[in-house]
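Student: What follows is final-v3.txt, made up of compact mmCIF, C-alpha atoms:
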# COMPACT_ATOMS: atom_id res chain seq x y z
CA MET A 1 -42.29 12.66 -70.57
CA ALA A 2 -38.52 12.84 -70.49
CA ILE A 3 -36.57 15.89 -71.59
CA LYS A 4 -32.94 16.04 -72.58
CA THR A 5 -30.92 17.27 -69.64
CA ASN A 6 -27.56 18.96 -69.48
CA ILE A 7 -24.96 16.20 -69.26
CA ASP A 8 -22.56 18.55 -67.52
CA THR A 9 -24.81 18.16 -64.50
CA ASN A 10 -23.59 15.81 -61.91
CA VAL A 11 -25.80 12.78 -62.54
CA GLN A 12 -25.30 10.64 -59.46
CA LEU A 13 -26.60 7.49 -57.83
CA PRO A 14 -26.84 6.94 -54.07
CA MET A 15 -23.64 5.26 -52.94
CA PRO A 16 -22.26 3.59 -49.81
CA ILE A 17 -19.49 5.32 -47.88
CA ALA A 18 -16.25 3.38 -47.39
CA ILE A 19 -12.80 4.31 -46.13
CA ILE A 20 -9.72 2.97 -47.90
CA GLY A 21 -6.84 2.19 -45.54
CA THR A 22 -3.25 2.14 -46.81
CA MET A 23 0.31 2.60 -45.59
CA PHE A 24 2.33 5.41 -47.19
CA HIS A 25 5.92 6.15 -46.19
CA GLY A 26 5.44 4.04 -43.09
CA LYS A 27 2.34 5.86 -41.91
CA ALA A 28 -1.28 4.76 -41.92
CA ASN A 29 -3.42 6.73 -44.35
CA PHE A 30 -7.18 6.80 -44.74
CA SER A 31 -9.33 8.17 -47.54
CA THR A 32 -13.09 8.12 -48.00
CA VAL A 33 -14.66 6.92 -51.23
CA ALA A 34 -18.24 6.47 -52.40
CA TRP A 35 -17.84 5.28 -55.97
CA ILE A 36 -17.47 1.66 -54.84
CA THR A 37 -19.24 -1.62 -55.64
CA ARG A 38 -18.81 -5.38 -55.62
CA VAL A 39 -17.75 -6.47 -59.09
CA ASN A 40 -17.41 -10.28 -58.93
CA SER A 41 -19.00 -12.95 -56.75
CA VAL A 42 -16.52 -15.83 -56.74
CA PRO A 43 -13.85 -14.99 -55.86
CA PRO A 44 -15.26 -11.98 -54.04
CA MET A 45 -14.02 -8.76 -55.64
CA ILE A 46 -14.73 -5.10 -55.05
CA GLY A 47 -13.89 -2.04 -57.12
CA PHE A 48 -13.63 1.67 -56.35
CA ALA A 49 -12.71 4.91 -58.12
CA ILE A 50 -10.16 7.29 -56.66
CA SER A 51 -8.43 10.42 -57.89
CA LYS A 52 -5.10 9.77 -59.57
CA ASN A 53 -3.72 12.70 -57.53
CA SER A 54 -4.42 11.05 -54.18
CA LEU A 55 -1.74 9.51 -52.01
CA THR A 56 -4.14 6.63 -51.40
CA ALA A 57 -4.11 5.77 -55.11
CA ASN A 58 -0.31 5.86 -55.10
CA ALA A 59 -0.16 3.67 -52.01
CA VAL A 60 -2.57 1.10 -53.46
CA LEU A 61 -0.56 0.85 -56.68
CA ILE A 62 2.74 0.51 -54.80
CA ASN A 63 1.63 -1.80 -51.99
CA LYS A 64 -0.84 -3.84 -54.07
CA GLU A 65 -2.99 -4.22 -50.96
CA TYR A 66 -5.39 -2.08 -48.89
CA SER A 67 -8.34 -2.23 -46.56
CA VAL A 68 -11.96 -1.25 -47.19
CA ASN A 69 -13.65 -0.11 -43.99
CA ILE A 70 -17.35 0.64 -43.55
CA PRO A 71 -17.71 3.44 -41.01
CA HIS A 72 -20.54 3.45 -38.50
CA LYS A 73 -22.86 6.46 -38.40
CA ASN A 74 -21.00 7.49 -35.23
CA GLN A 75 -17.79 7.87 -37.29
CA ILE A 76 -19.38 10.32 -39.73
CA ARG A 77 -17.18 13.32 -38.80
CA GLU A 78 -13.98 11.32 -39.16
CA ALA A 79 -15.20 9.78 -42.42
CA ASP A 80 -16.06 13.20 -43.82
CA TYR A 81 -12.70 14.60 -42.69
CA VAL A 82 -10.48 11.92 -44.24
CA GLY A 83 -12.40 12.35 -47.50
CA MET A 84 -11.86 16.13 -47.48
CA VAL A 85 -8.25 16.49 -46.40
CA SER A 86 -5.17 15.13 -48.17
CA ALA A 87 -2.39 13.36 -46.30
CA ARG A 88 -0.17 15.91 -48.05
CA SER A 89 -1.49 18.64 -45.78
CA ALA A 90 -2.45 16.77 -42.59
CA ASP A 91 -1.36 13.65 -40.72
CA LYS A 92 -4.38 11.38 -40.95
CA SER A 93 -2.69 8.46 -39.23
CA GLU A 94 -4.16 9.36 -35.84
CA VAL A 95 -7.75 9.94 -36.87
CA PHE A 96 -8.71 6.34 -36.21
CA ASP A 97 -7.47 3.62 -33.91
CA PHE A 98 -6.35 0.88 -36.23
CA ASN A 99 -4.96 -2.58 -36.26
CA PHE A 100 -3.67 -5.09 -38.77
CA GLY A 101 -5.29 -8.31 -39.89
CA ASP A 102 -3.47 -10.70 -42.20
CA GLN A 103 -1.85 -8.08 -44.44
CA LYS A 104 1.05 -5.87 -43.36
CA LYS A 105 0.09 -2.67 -45.19
CA SER A 106 -3.69 -2.63 -44.84
CA PRO A 107 -4.62 -0.85 -41.61
CA ILE A 108 -8.12 -1.79 -40.50
CA ILE A 109 -10.14 0.74 -38.54
CA GLU A 110 -11.19 -0.30 -35.07
CA ASN A 111 -14.77 0.47 -34.15
CA SER A 112 -15.83 0.26 -37.78
CA PRO A 113 -18.41 -2.52 -38.01
CA LEU A 114 -16.91 -4.07 -41.14
CA ASN A 115 -13.37 -4.24 -42.52
CA MET A 116 -12.23 -6.02 -45.64
CA GLU A 117 -8.62 -6.73 -46.53
CA CYS A 118 -8.05 -6.63 -50.28
CA LYS A 119 -5.32 -7.47 -52.77
CA LEU A 120 -5.02 -5.41 -55.95
CA ILE A 121 -6.10 -7.48 -58.97
CA GLU A 122 -6.74 -5.05 -61.83
CA LYS A 123 -6.78 -1.34 -62.55
CA ILE A 124 -8.04 0.96 -65.29
CA GLU A 125 -6.60 4.41 -65.82
CA LEU A 126 -9.45 6.83 -66.50
CA PRO A 127 -9.10 10.56 -67.29
CA SER A 128 -9.09 11.72 -63.66
CA ASN A 129 -9.41 8.55 -61.59
CA TRP A 130 -8.00 5.09 -61.20
CA TRP A 131 -10.57 2.32 -61.16
CA ILE A 132 -9.13 -0.20 -58.71
CA VAL A 133 -10.32 -3.83 -58.51
CA GLY A 134 -9.29 -5.98 -55.56
CA GLU A 135 -10.01 -9.43 -54.26
CA ILE A 136 -11.38 -9.54 -50.73
CA THR A 137 -8.92 -11.75 -48.87
CA SER A 138 -10.39 -11.50 -45.37
CA VAL A 139 -13.35 -9.92 -43.62
CA TRP A 140 -13.42 -8.60 -40.06
CA CYS A 141 -16.73 -7.79 -38.53
CA ASP A 142 -18.34 -6.68 -35.29
CA PRO A 143 -20.27 -9.82 -34.24
CA ASN A 144 -23.17 -7.61 -33.18
CA VAL A 145 -23.91 -6.65 -36.78
CA LEU A 146 -24.15 -10.20 -38.13
CA THR A 147 -27.45 -11.70 -39.22
CA ASN A 148 -27.16 -15.45 -39.82
CA ASP A 149 -23.37 -15.01 -39.79
CA ILE A 150 -23.51 -12.44 -42.60
CA PRO A 151 -22.68 -8.74 -42.15
CA ASP A 152 -25.92 -6.72 -42.16
CA TYR A 153 -25.63 -3.11 -43.40
CA ASN A 154 -28.76 -2.11 -41.54
CA LYS A 155 -27.28 -3.21 -38.21
CA MET A 156 -23.94 -1.63 -39.09
CA LYS A 157 -25.56 1.80 -39.46
CA GLY A 158 -23.43 2.28 -42.56
CA LEU A 159 -23.86 5.53 -44.47
CA ILE A 160 -24.99 6.28 -47.98
CA ILE A 161 -24.32 9.57 -49.70
CA THR A 162 -26.53 11.30 -52.24
CA MET A 163 -25.37 13.94 -54.65
CA PRO A 164 -25.86 16.68 -55.81
CA ASP A 165 -27.52 17.51 -52.48
CA ASN A 166 -24.39 16.16 -50.73
CA LYS A 167 -26.21 14.54 -47.83
CA TYR A 168 -25.44 11.55 -45.65
CA ARG A 169 -28.31 9.15 -45.10
CA LEU A 170 -28.98 5.68 -43.78
CA ILE A 171 -30.76 3.14 -45.97
CA GLY A 172 -34.54 3.36 -45.97
CA LYS A 173 -36.91 0.72 -44.65
CA ALA A 174 -37.24 -2.49 -46.65
CA PHE A 175 -40.57 -2.60 -48.46
CA ALA A 176 -40.27 -5.43 -51.01
CA ASP A 177 -38.37 -8.65 -51.65
CA ALA A 178 -35.88 -8.82 -54.51
CA TRP A 179 -35.54 -11.63 -57.07
CA LYS A 180 -39.08 -12.89 -56.80
CA VAL A 181 -40.82 -11.92 -60.04
CA LYS A 182 -40.34 -14.79 -62.49
CA LYS A 183 -43.38 -13.96 -64.56
CA LEU A 184 -45.21 -10.69 -65.30
CA MET B 1 -14.20 -5.86 -31.13
CA ALA B 2 -14.01 -7.29 -34.63
CA ILE B 3 -13.88 -11.00 -35.33
CA LYS B 4 -12.67 -12.68 -38.46
CA THR B 5 -15.68 -13.60 -40.54
CA ASN B 6 -16.14 -16.21 -43.21
CA ILE B 7 -15.18 -14.59 -46.50
CA ASP B 8 -17.43 -16.99 -48.38
CA THR B 9 -20.28 -14.97 -46.97
CA ASN B 10 -21.82 -12.51 -49.31
CA VAL B 11 -20.34 -9.23 -48.04
CA GLN B 12 -22.45 -6.61 -49.76
CA LEU B 13 -22.99 -2.87 -49.79
CA PRO B 14 -26.33 -1.17 -50.47
CA MET B 15 -26.54 -0.44 -54.17
CA PRO B 16 -28.77 1.50 -56.57
CA ILE B 17 -30.95 -0.43 -59.03
CA ALA B 18 -30.46 0.32 -62.73
CA ILE B 19 -31.66 -1.31 -65.92
CA ILE B 20 -29.29 -1.72 -68.86
CA GLY B 21 -30.99 -1.32 -72.24
CA THR B 22 -29.48 -2.90 -75.36
CA MET B 23 -30.49 -4.17 -78.78
CA PHE B 24 -29.79 -7.85 -79.51
CA HIS B 25 -30.68 -9.46 -82.84
CA GLY B 26 -32.89 -6.50 -83.63
CA LYS B 27 -34.89 -6.69 -80.41
CA ALA B 28 -34.80 -4.45 -77.37
CA ASN B 29 -33.38 -6.20 -74.32
CA PHE B 30 -33.37 -5.07 -70.69
CA SER B 31 -31.39 -6.39 -67.73
CA THR B 32 -31.27 -5.17 -64.15
CA VAL B 33 -27.96 -4.51 -62.41
CA ALA B 34 -27.02 -3.22 -58.98
CA TRP B 35 -23.23 -3.37 -59.03
CA ILE B 36 -23.00 0.05 -60.65
CA THR B 37 -21.27 3.33 -59.84
CA ARG B 38 -19.95 6.54 -61.37
CA VAL B 39 -16.23 6.11 -62.00
CA ASN B 40 -15.04 9.43 -63.49
CA SER B 41 -16.27 13.01 -63.21
CA VAL B 42 -15.08 14.72 -66.41
CA PRO B 43 -15.96 13.31 -68.81
CA PRO B 44 -18.84 11.65 -66.95
CA MET B 45 -18.35 7.88 -66.85
CA ILE B 46 -20.24 5.05 -65.20
CA GLY B 47 -19.30 1.40 -64.66
CA PHE B 48 -21.27 -1.74 -63.95
CA ALA B 49 -20.66 -5.47 -63.49
CA ILE B 50 -22.65 -8.02 -65.46
CA SER B 51 -22.43 -11.78 -65.89
CA LYS B 52 -20.35 -12.86 -68.87
CA ASN B 53 -23.16 -15.33 -69.67
CA SER B 54 -25.77 -12.63 -70.16
CA LEU B 55 -27.05 -11.54 -73.55
CA THR B 56 -26.82 -7.97 -72.30
CA ALA B 57 -23.06 -8.33 -71.85
CA ASN B 58 -22.78 -9.71 -75.38
CA ALA B 59 -24.90 -6.89 -76.79
CA VAL B 60 -22.85 -4.20 -75.01
CA LEU B 61 -19.59 -5.63 -76.32
CA ILE B 62 -20.94 -5.93 -79.88
CA ASN B 63 -22.86 -2.63 -80.09
CA LYS B 64 -20.43 -0.59 -77.97
CA GLU B 65 -23.38 1.43 -76.69
CA TYR B 66 -26.25 0.97 -74.23
CA SER B 67 -28.63 2.83 -71.96
CA VAL B 68 -28.68 3.02 -68.15
CA ASN B 69 -32.22 3.55 -66.86
CA ILE B 70 -33.20 4.28 -63.26
CA PRO B 71 -36.57 2.68 -62.59
CA HIS B 72 -39.15 4.41 -60.42
CA LYS B 73 -40.48 2.57 -57.38
CA ASN B 74 -43.65 1.94 -59.42
CA GLN B 75 -41.59 -0.12 -61.91
CA ILE B 76 -40.29 -2.47 -59.21
CA ARG B 77 -42.00 -5.61 -60.55
CA GLU B 78 -40.71 -5.06 -64.07
CA ALA B 79 -37.23 -4.24 -62.76
CA ASP B 80 -37.19 -7.41 -60.67
CA TYR B 81 -38.45 -9.48 -63.61
CA VAL B 82 -35.88 -8.32 -66.18
CA GLY B 83 -33.15 -9.03 -63.61
CA MET B 84 -34.43 -12.57 -63.02
CA VAL B 85 -35.27 -13.83 -66.48
CA SER B 86 -32.89 -14.20 -69.43
CA ALA B 87 -33.79 -13.02 -72.92
CA ARG B 88 -32.85 -16.59 -73.90
CA SER B 89 -36.02 -17.89 -72.26
CA ALA B 90 -38.43 -14.94 -72.55
CA ASP B 91 -39.01 -11.98 -74.85
CA LYS B 92 -38.24 -8.97 -72.67
CA SER B 93 -38.73 -6.45 -75.47
CA GLU B 94 -42.33 -5.73 -74.48
CA VAL B 95 -41.85 -5.32 -70.75
CA PHE B 96 -41.30 -1.57 -71.05
CA ASP B 97 -42.41 1.10 -73.48
CA PHE B 98 -39.19 2.45 -74.88
CA ASN B 99 -37.85 5.05 -77.22
CA PHE B 100 -34.53 6.08 -78.68
CA GLY B 101 -32.51 9.17 -77.92
CA ASP B 102 -29.35 9.98 -79.87
CA GLN B 103 -28.04 6.40 -80.18
CA LYS B 104 -29.58 3.76 -82.44
CA LYS B 105 -29.05 0.70 -80.24
CA SER B 106 -29.69 2.08 -76.75
CA PRO B 107 -33.42 1.78 -75.99
CA ILE B 108 -34.42 4.15 -73.21
CA ILE B 109 -37.30 3.20 -70.96
CA GLU B 110 -40.28 5.53 -70.95
CA ASN B 111 -41.69 6.35 -67.55
CA SER B 112 -38.32 5.83 -65.91
CA PRO B 113 -37.35 9.12 -64.29
CA LEU B 114 -33.76 9.05 -65.56
CA ASN B 115 -32.12 7.56 -68.65
CA MET B 116 -28.49 7.81 -69.63
CA GLU B 117 -27.11 6.94 -73.06
CA CYS B 118 -23.59 5.52 -72.82
CA LYS B 119 -20.77 4.57 -75.14
CA LEU B 120 -18.47 1.69 -74.19
CA ILE B 121 -15.03 3.02 -73.20
CA GLU B 122 -13.26 0.22 -71.32
CA LYS B 123 -13.86 -3.30 -70.04
CA ILE B 124 -12.22 -5.72 -67.64
CA GLU B 125 -12.79 -9.46 -67.87
CA LEU B 126 -13.25 -10.82 -64.33
CA PRO B 127 -13.76 -14.48 -63.40
CA SER B 128 -17.55 -14.45 -63.77
CA ASN B 129 -18.40 -10.89 -64.82
CA TRP B 130 -17.46 -8.19 -67.24
CA TRP B 131 -16.75 -4.82 -65.68
CA ILE B 132 -18.03 -2.34 -68.26
CA VAL B 133 -17.07 1.36 -68.27
CA GLY B 134 -18.98 3.79 -70.45
CA GLU B 135 -19.08 7.50 -71.05
CA ILE B 136 -22.46 9.12 -70.49
CA THR B 137 -23.23 10.79 -73.81
CA SER B 138 -26.69 12.13 -73.04
CA VAL B 139 -29.12 12.26 -70.14
CA TRP B 140 -32.91 12.18 -70.38
CA CYS B 141 -34.91 13.06 -67.33
CA ASP B 142 -38.46 13.60 -66.13
CA PRO B 143 -38.50 17.37 -65.47
CA ASN B 144 -40.51 16.73 -62.30
CA VAL B 145 -37.52 15.05 -60.61
CA LEU B 146 -35.06 17.89 -61.20
CA THR B 147 -33.79 20.05 -58.36
CA ASN B 148 -31.91 23.11 -59.62
CA ASP B 149 -31.75 21.42 -63.04
CA ILE B 150 -30.05 18.32 -61.61
CA PRO B 151 -31.69 14.88 -61.36
CA ASP B 152 -32.64 14.21 -57.72
CA TYR B 153 -32.72 10.53 -56.68
CA ASN B 154 -35.05 11.28 -53.82
CA LYS B 155 -37.67 12.75 -56.16
CA MET B 156 -37.11 9.91 -58.65
CA LYS B 157 -38.10 7.32 -56.04
CA GLY B 158 -35.20 5.22 -57.28
CA LEU B 159 -34.57 1.91 -55.54
CA ILE B 160 -31.65 0.59 -53.59
CA ILE B 161 -31.11 -3.09 -52.89
CA THR B 162 -29.54 -4.62 -49.82
CA MET B 163 -28.10 -8.10 -49.61
CA PRO B 164 -28.01 -10.70 -48.13
CA ASP B 165 -31.55 -9.85 -46.97
CA ASN B 166 -32.45 -9.21 -50.64
CA LYS B 167 -34.74 -6.29 -50.00
CA TYR B 168 -35.67 -3.25 -52.03
CA ARG B 169 -35.61 0.05 -50.19
CA LEU B 170 -35.69 3.76 -50.86
CA ILE B 171 -32.93 5.97 -49.53
CA GLY B 172 -33.30 7.09 -45.92
CA LYS B 173 -33.81 10.66 -44.75
CA ALA B 174 -30.86 13.03 -45.02
CA PHE B 175 -29.42 13.75 -41.58
CA ALA B 176 -26.02 15.38 -42.21
CA ASP B 177 -24.16 17.40 -44.84
CA ALA B 178 -21.22 15.84 -46.65
CA TRP B 179 -17.83 17.45 -47.32
CA LYS B 180 -17.94 19.88 -44.44
CA VAL B 181 -15.39 18.66 -41.88
CA LYS B 182 -12.07 20.29 -42.72
CA LYS B 183 -10.67 20.00 -39.23
CA LEU B 184 -11.25 17.50 -36.41
Could you rewrite the structure in this file as structure tokens?
Tutor:
Amino acid sequence: MAIKTNIDTNVQLPMPIAIIGTMFHGKANFSTVAWITRVNSVPPMIGFAISKNSLTANAVLINKEYSVNIPHKNQIREADYVGMVSARSADKSEVFDFNFGDQKKSPIIENSPLNMECKLIEKIELPSNWWIVGEITSVWCDPNVLTNDIPDYNKMKGLIITMPDNKYRLIGKAFADAWKVKKL
Amino acid sequence: MAIKTNIDTNVQLPMPIAIIGTMFHGKANFSTVAWITRVNSVPPMIGFAISKNSLTANAVLINKEYSVNIPHKNQIREADYVGMVSARSADKSEVFDFNFGDQKKSPIIENSPLNMECKLIEKIELPSNWWIVGEITSVWCDPNVLTNDIPDYNKMKGLIITMPDNKYRLIGKAFADAWKVKKL
């Protein structure tokens, strides 16, 4: 039996960890986000929420392009750090080795199993965050994490975060197939 | 070393499973989504993507309110079904026992560990989907899944879905604390 619960509580869903890569004043900048999801299939689009105060938000709005990088479990300390610390107070350009793909202002993190280059398509200004929607223009992937030529999050050892316990996790074991039940 | 990968491939992140509850032509309607995330902290807002063809999208835009229900692992068949089958071809109003909270057109699923009532705040029209942003106006929760008065996804036995393998999973075990690394 459900009870009404305080809505001030931080009602959260488990979310994947991604690192947004931008260029700001000529320097690479990285910021970790978790409020991120695909939003459209064709063309492929992805959206994420980010604080309006962040330099990353500013850079995305100015440059109209950015990268979305999925860190490997081994990059957990760096991912946590670039989500905690602002580029205003620390130079985050040397945290990761990075490269460029097709876009000039979208640094992609080396050693991350999956990198997506994105172009800004839409935005919504919310009370504290921007909601940013981008089209995925290219995908770079460690060939070792492909299954049938498709990036496989399980092989990537990508992270999920749960709140309010504020824990990093991997995904659990698969136990059922999706999109099977056509009749009850 | 990363290689450029076909961007037609379905690059996906692991996502939580939620069921949107609406009223359409006087009947309760339920539709499963996975492209869903919190988007703003204060006030609490959540966003999700849904096909522009779906009756649920129509109902949300007309009613300007809806529920977001987190199904328990035990509701996996029903959750899969209401994500597969359109209300155009089957009556989905009897799949779940439901109730109403504070809103008149936002049926909340009984026996789901967490239900959120939402009011439509913003929308973006994308090529195939609407991106819907709502404010969470009330939260209903099974008291057995609270930890320190906050809904706990681990106790809820909420599902995540991975693609392209199309598998349901639970979240993995916690192995590290988030938001700790202030210096590298």
Student: Dig up all the protein and nucleic acid residues within 7 Å of (-12.6, -10.3, -40.7) in the file frame, using all atoms listed in the file, and format them as a compact mmCIF listing (two decimals) with C-alpha atoms, in the frame of the given file.
Tutor:
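Output file point12.txt is given in full below:
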# COMPACT_ATOMS: atom_id res chain seq x y z
CA ASN A 115 -13.37 -4.24 -42.52
CA MET A 116 -12.23 -6.02 -45.64
CA SER A 138 -10.39 -11.50 -45.37
CA VAL A 139 -13.35 -9.92 -43.62
CA TRP A 140 -13.42 -8.60 -40.06
CA CYS A 141 -16.73 -7.79 -38.53
CA ALA B 2 -14.01 -7.29 -34.63
CA ILE B 3 -13.88 -11.00 -35.33
CA LYS B 4 -12.67 -12.68 -38.46
CA THR B 5 -15.68 -13.60 -40.54
Student: Set the distance at 8 Å and use all atoms listed in the file: which residues neighbour Glu78 (chain B) once local chain neighbours fewer than 6 positions away are removed? I'd like the list as a PDB file with C-alpha atoms, keeping the file's coordinate frame.
Tutor:
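What ended up in out.pdb:
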ATOM      1  CA  VAL A 181     -40.820 -11.920 -60.040  1.00  0.00           C
ATOM      2  CA  LEU A 184     -45.210 -10.690 -65.300  1.00  0.00           C
TER       3      LEU A 184
ATOM      4  CA  VAL B  95     -41.850  -5.320 -70.750  1.00  0.00           C
ATOM      5  CA  PHE B  96     -41.300  -1.570 -71.050  1.00  0.00           C
TER       6      PHE B  96
END
Student: Considering only C-alpha atoms, return as an mmCIF file with C-alpha atoms, in the coordinates of the input whatever protein or nucleic-acid residues lie within 12 Å of Ser93 (chain B), sequence-local ones (same chain, fewer than 3 positions apart) excluded.
Tutor:
data_model
loop_
_atom_site.group_PDB
_atom_site.id
_atom_site.type_symbol
_atom_site.label_atom_id
_atom_site.label_comp_id
_atom_site.auth_asym_id
_atom_site.auth_seq_id
_atom_site.Cartn_x
_atom_site.Cartn_y
_atom_site.Cartn_z
ATOM 1 C CA GLY B 21 -30.990 -1.320 -72.240
ATOM 2 C CA THR B 22 -29.480 -2.900 -75.360
ATOM 3 C CA MET B 23 -30.490 -4.170 -78.780
ATOM 4 C CA PHE B 24 -29.790 -7.850 -79.510
ATOM 5 C CA HIS B 25 -30.680 -9.460 -82.840
ATOM 6 C CA GLY B 26 -32.890 -6.500 -83.630
ATOM 7 C CA LYS B 27 -34.890 -6.690 -80.410
ATOM 8 C CA ALA B 28 -34.800 -4.450 -77.370
ATOM 9 C CA ASN B 29 -33.380 -6.200 -74.320
ATOM 10 C CA PHE B 30 -33.370 -5.070 -70.690
ATOM 11 C CA SER B 31 -31.390 -6.390 -67.730
ATOM 12 C CA GLU B 78 -40.710 -5.060 -64.070
ATOM 13 C CA VAL B 82 -35.880 -8.320 -66.180
ATOM 14 C CA SER B 86 -32.890 -14.200 -69.430
ATOM 15 C CA ALA B 87 -33.790 -13.020 -72.920
ATOM 16 C CA ARG B 88 -32.850 -16.590 -73.900
ATOM 17 C CA ALA B 90 -38.430 -14.940 -72.550
ATOM 18 C CA PHE B 96 -41.300 -1.570 -71.050
ATOM 19 C CA ASP B 97 -42.410 1.100 -73.480
ATOM 20 C CA PHE B 98 -39.190 2.450 -74.880
ATOM 21 C CA ASN B 99 -37.850 5.050 -77.220
ATOM 22 C CA PRO B 107 -33.420 1.780 -75.990
ATOM 23 C CA ILE B 108 -34.420 4.150 -73.210
ATOM 24 C CA ILE B 109 -37.300 3.200 -70.960
#
Student: Have a look at B:Asn129, B:Ser89, B:Asn69, B:Gln12 and name the one nearest to Ser112 (chain B); count all atoms listed in the file.
Tutor: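 So, comparing all the options, the nearest one is B:Asn69.
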Student: What does the distance from CA of Lys167 (chain B) to CA of Thr32 (chain B) come to in Å, to one decimal?
Tutor: 14.6 Å
Student: Identify the residues within 12 Å of coordinate (-37.3, -12.4, -54.5) (same frame as the file), considering all atoms listed in the file, and give the answer as an MDAnalysis selection string.
Tutor: (chainID A and resid 175:183) or (chainID B and resid 76:77 79:81 83:84 161:168)
Student: Which distance in Å separates CA of Trp130 (chain B) and CA of Ser128 (chain A), to one decimal?
Tutor: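 CA of Ser128 (chain A) lies at a distance of 21.9 Å from CA of Trp130 (chain B).
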Student: May I have the residues within 6 Å of Met45 (chain A) as a VMD selection string, using only C-alpha atoms and disregarding those fewer than 2 positions away in the same chain?
Tutor: chain A and resid 38 to 40 134 to 136
Student: Might I get the box with edges along x, y and z of the file that holds all atoms of region 18-34 of chain A listed there, padded by 8 Å on every side, given as centre and edge lengths in Å to one decimal, as AutoDock Vina command-line options?
Tutor:
--center_x -6.2 --center_y 5.2 --center_z -47.2 --size_x 40.2 --size_y 22.0 --size_z 26.5
Student: Calculated over only C-alpha atoms, which of the candidates A:Pro127, A:Asn74, A:Ile20, A:Val145 has the smallest distance to chain B?
Tutor: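 Checking each candidate against chain B, we get A:Pro127 as the closest.
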Student: Looking at all atoms listed in the file, which of B:Gln103, B:Glu117, B:Val11, B:Thr137 is the one that sits closest to Asp152 (chain A)?
Tutor: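 Among B:Gln103, B:Glu117, B:Val11, B:Thr137, it is B:Val11 that comes nearest to Asp152 (chain A).
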